[in-house]
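So the structure is just underneath, and the comments pick up after that.
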Amino acid sequence: MNTLNTNRLTNWIVNLSPTKTFWIFGLFFPFYTIWLRQVGLYTILKNKKDIRLFNFLSTFLLLSVFSLFSIGYGHQYLDKSILDWTIPIVPILIILTWFICNGIISKNMVDYENIDNEYFYGFRKTKRYLSRFFQLFYFPISIYWIQKYYILRQ
């Protein structure tokens, strides 16, 4: 079992006001991946689940998004073309990783919110899982609402 040992960045992000979180992490997509990773690690640790898979996937997502933004702007600045084989593969890989990370986080958020209600299980949770899953995709808005209603309430 994991204990809740969070670093200073996670504590800062979780305790940040929703408005500041929106302005810092919501307007530039690579910064959103930092928020997603830290909130995911915080939620999984609070839920007392294993973080290894999420840690690996979120690190991959974070590094790939930041590096691709840098590479993309570098290619644009130097007026170079992108390799043809990377055009379909890279976005699919990033979106698939983002889907998996969102699924892990949404499941852990809903499970942690209902940790006291053991009867809340299975099919009854499916609607809440899907709702939270799609909330995480609307990243500028979801940062504000999740920070305001779900994280600060814990």
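By order of appearance in the structure tokens: chains A, B, ..., then residues from 1 within every chain, and ligands from 1 in the order shown.
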Can you tell me, as an mmCIF file with N, CA and C atoms, in the first residue's frame, what residues are no more than 7 Å from Asn108 of chain A when counting only C-alpha atoms, ignoring any on the same chain fewer than 5 positions away?
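Here's the written file result30.cif:
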```cif
data_model
loop_
_atom_site.group_PDB
_atom_site.id
_atom_site.type_symbol
_atom_site.label_atom_id
_atom_site.label_comp_id
_atom_site.auth_asym_id
_atom_site.auth_seq_id
_atom_site.Cartn_x
_atom_site.Cartn_y
_atom_site.Cartn_z
ATOM 1 N N THR A 43 -4.639 11.816 -6.303
ATOM 2 C CA THR A 43 -5.884 11.059 -6.167
ATOM 3 C C THR A 43 -5.618 9.573 -5.972
ATOM 4 N N ILE A 44 -4.705 9.029 -6.726
ATOM 5 C CA ILE A 44 -4.396 7.602 -6.613
ATOM 6 C C ILE A 44 -3.793 7.292 -5.241
ATOM 7 N N ASN A 47 -6.443 7.363 -2.666
ATOM 8 C CA ASN A 47 -7.293 6.189 -2.821
ATOM 9 C C ASN A 47 -6.567 4.907 -2.415
#
```
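Every protein, DNA or RNA residue with an atom at most 12 Å from Ser131 of chain A, where only C-alpha atoms count and chain neighbours fewer than 6 positions away do not, is listed here: Asn102, Gly103, Ser106, Lys107, Met109, Val110, Lys125, Phe137, Tyr138, Ser142 and Ile146 of chain A.
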Write a file of the selected residues as a compact mmCIF listing (two decimals), in the first residue's frame, keeping N, CA and C atoms.
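Saved result, out_6.txt, follows:
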```txt
# COMPACT_ATOMS: atom_id res chain seq x y z
N ASN A 102 -6.62 9.49 -18.35
CA ASN A 102 -7.92 10.01 -17.91
C ASN A 102 -8.78 8.91 -17.31
N GLY A 103 -8.74 7.73 -17.89
CA GLY A 103 -9.51 6.61 -17.34
C GLY A 103 -9.06 6.23 -15.94
N SER A 106 -10.08 9.20 -13.56
CA SER A 106 -11.52 9.29 -13.32
C SER A 106 -12.00 8.16 -12.43
N LYS A 107 -11.51 6.95 -12.65
CA LYS A 107 -11.91 5.83 -11.79
C LYS A 107 -11.49 6.07 -10.35
N MET A 109 -10.84 8.98 -8.88
CA MET A 109 -11.58 10.09 -8.29
C MET A 109 -12.95 9.66 -7.82
N VAL A 110 -13.67 8.94 -8.67
CA VAL A 110 -15.01 8.50 -8.30
C VAL A 110 -14.96 7.50 -7.16
N LYS A 125 -21.86 3.02 -10.93
CA LYS A 125 -20.74 3.95 -11.04
C LYS A 125 -20.41 4.30 -12.49
N PHE A 137 -11.39 15.79 -20.38
CA PHE A 137 -11.01 16.17 -21.74
C PHE A 137 -11.24 17.63 -22.04
N TYR A 138 -12.17 18.24 -21.35
CA TYR A 138 -12.40 19.67 -21.55
C TYR A 138 -11.45 20.42 -20.64
N SER A 142 -12.28 21.96 -17.19
CA SER A 142 -12.24 20.91 -16.18
C SER A 142 -11.26 21.23 -15.07
N ILE A 146 -12.93 20.86 -11.46
CA ILE A 146 -12.42 19.77 -10.62
C ILE A 146 -11.65 20.34 -9.44
```
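Minimum atom-to-atom distance to Leu96 of chain A, evaluated using only C-alpha atoms, belongs to A:Ser58 out of A:Ser70, A:Thr21, A:Gln38, A:Ser58.
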Which residues come within 12 Å of Arg8 of chain A, counting only C-alpha atoms, excluding same-chain residues fewer than 5 positions away, as a PyMOL selection string?
chain A and resi 13-16+38+42
Could the residues in this selection be written to a file with C-alpha atoms, as a compact mmCIF listing (two decimals), in the first residue's frame?
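Everything below was put into out-v6.txt:
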```txt
# COMPACT_ATOMS: atom_id res chain seq x y z
CA ILE A 13 -1.18 22.42 -7.29
CA VAL A 14 -3.84 20.79 -5.11
CA ASN A 15 -4.05 23.78 -2.75
CA LEU A 16 -4.06 26.40 -5.51
CA GLN A 38 0.06 15.73 -10.18
CA TYR A 42 -2.54 12.78 -5.53
```
Of A:Leu78, A:Ile105, A:Ile95, A:Leu41, the one sitting nearest Asn55 of chain A when using only C-alpha atoms is A:Leu41
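Take the candidates A:Thr97, A:Ser81, A:Thr10, A:Asn114 and check each one against Leu53 of chain A using only C-alpha atoms; the shortest distance goes to A:Thr97.
Between atom CA of Lys46 of chain A and atom CA of Val65 of chain A there is a distance of 26.5 Å.
Nearest residue to Trp98 of chain A, choosing from A:Gly26, A:Ser17, A:Ile51, A:Thr59 and counting only C-alpha atoms: A:Thr59.
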Near-segment 31-33 of chain A list (8 Å; only C-alpha atoms; drop same-chain fewer than 6 positions) as a list of chain:residue names:
A:Ile24, A:Phe25, A:Ser58, A:Leu61, A:Leu62, A:Val65, A:Phe139
Long-range neighbours of Phe54 of chain A as a ChimeraX atom specification, 8 Å cut-off, only C-alpha atoms, 6 positions minimum in chain: /A:40-41,101,104
Would you mind exporting the chosen residues as a short mmCIF file (atom, residue, chain, number, x, y, z; two decimals), in the first residue's frame, restricted to all heavy atoms?
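New file selection_14.cif:
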```cif
data_model
loop_
_atom_site.label_atom_id
_atom_site.label_comp_id
_atom_site.auth_asym_id
_atom_site.auth_seq_id
_atom_site.Cartn_x
_atom_site.Cartn_y
_atom_site.Cartn_z
N GLY A 40 -3.53 13.40 -10.65
CA GLY A 40 -3.70 11.95 -10.74
C GLY A 40 -2.92 11.22 -9.67
O GLY A 40 -3.44 10.32 -9.01
N LEU A 41 -1.67 11.60 -9.48
CA LEU A 41 -0.86 10.96 -8.43
C LEU A 41 -1.46 11.21 -7.05
O LEU A 41 -1.51 10.31 -6.21
CB LEU A 41 0.58 11.47 -8.49
CG LEU A 41 1.41 11.03 -9.68
CD1 LEU A 41 2.75 11.75 -9.70
CD2 LEU A 41 1.61 9.53 -9.67
N CYS A 101 -4.70 7.61 -19.22
CA CYS A 101 -4.47 8.40 -18.00
C CYS A 101 -5.78 8.97 -17.47
O CYS A 101 -6.03 8.94 -16.25
CB CYS A 101 -3.48 9.52 -18.27
SG CYS A 101 -1.78 8.99 -18.44
N ILE A 104 -7.76 6.18 -15.74
CA ILE A 104 -7.23 5.84 -14.42
C ILE A 104 -7.59 6.90 -13.40
O ILE A 104 -8.04 6.59 -12.29
CB ILE A 104 -5.70 5.64 -14.50
CG1 ILE A 104 -5.35 4.41 -15.33
CG2 ILE A 104 -5.10 5.52 -13.11
CD1 ILE A 104 -3.88 4.28 -15.67
#
```
Exercise for the section: Determine which residues of segment 17-86 of chain A receive a DSSP assignment of helix (DSSP H, G or I), computed from the backbone, and state them as a PyMOL selection string. Expected result: chain A and resi 18-25+29-46+52-78+86
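In this comparison, which uses only C-alpha atoms, the residue of A:Tyr77, A:Tyr129, A:Trp23, A:Phe28 approaching Asp111 of chain A most closely is A:Tyr129.
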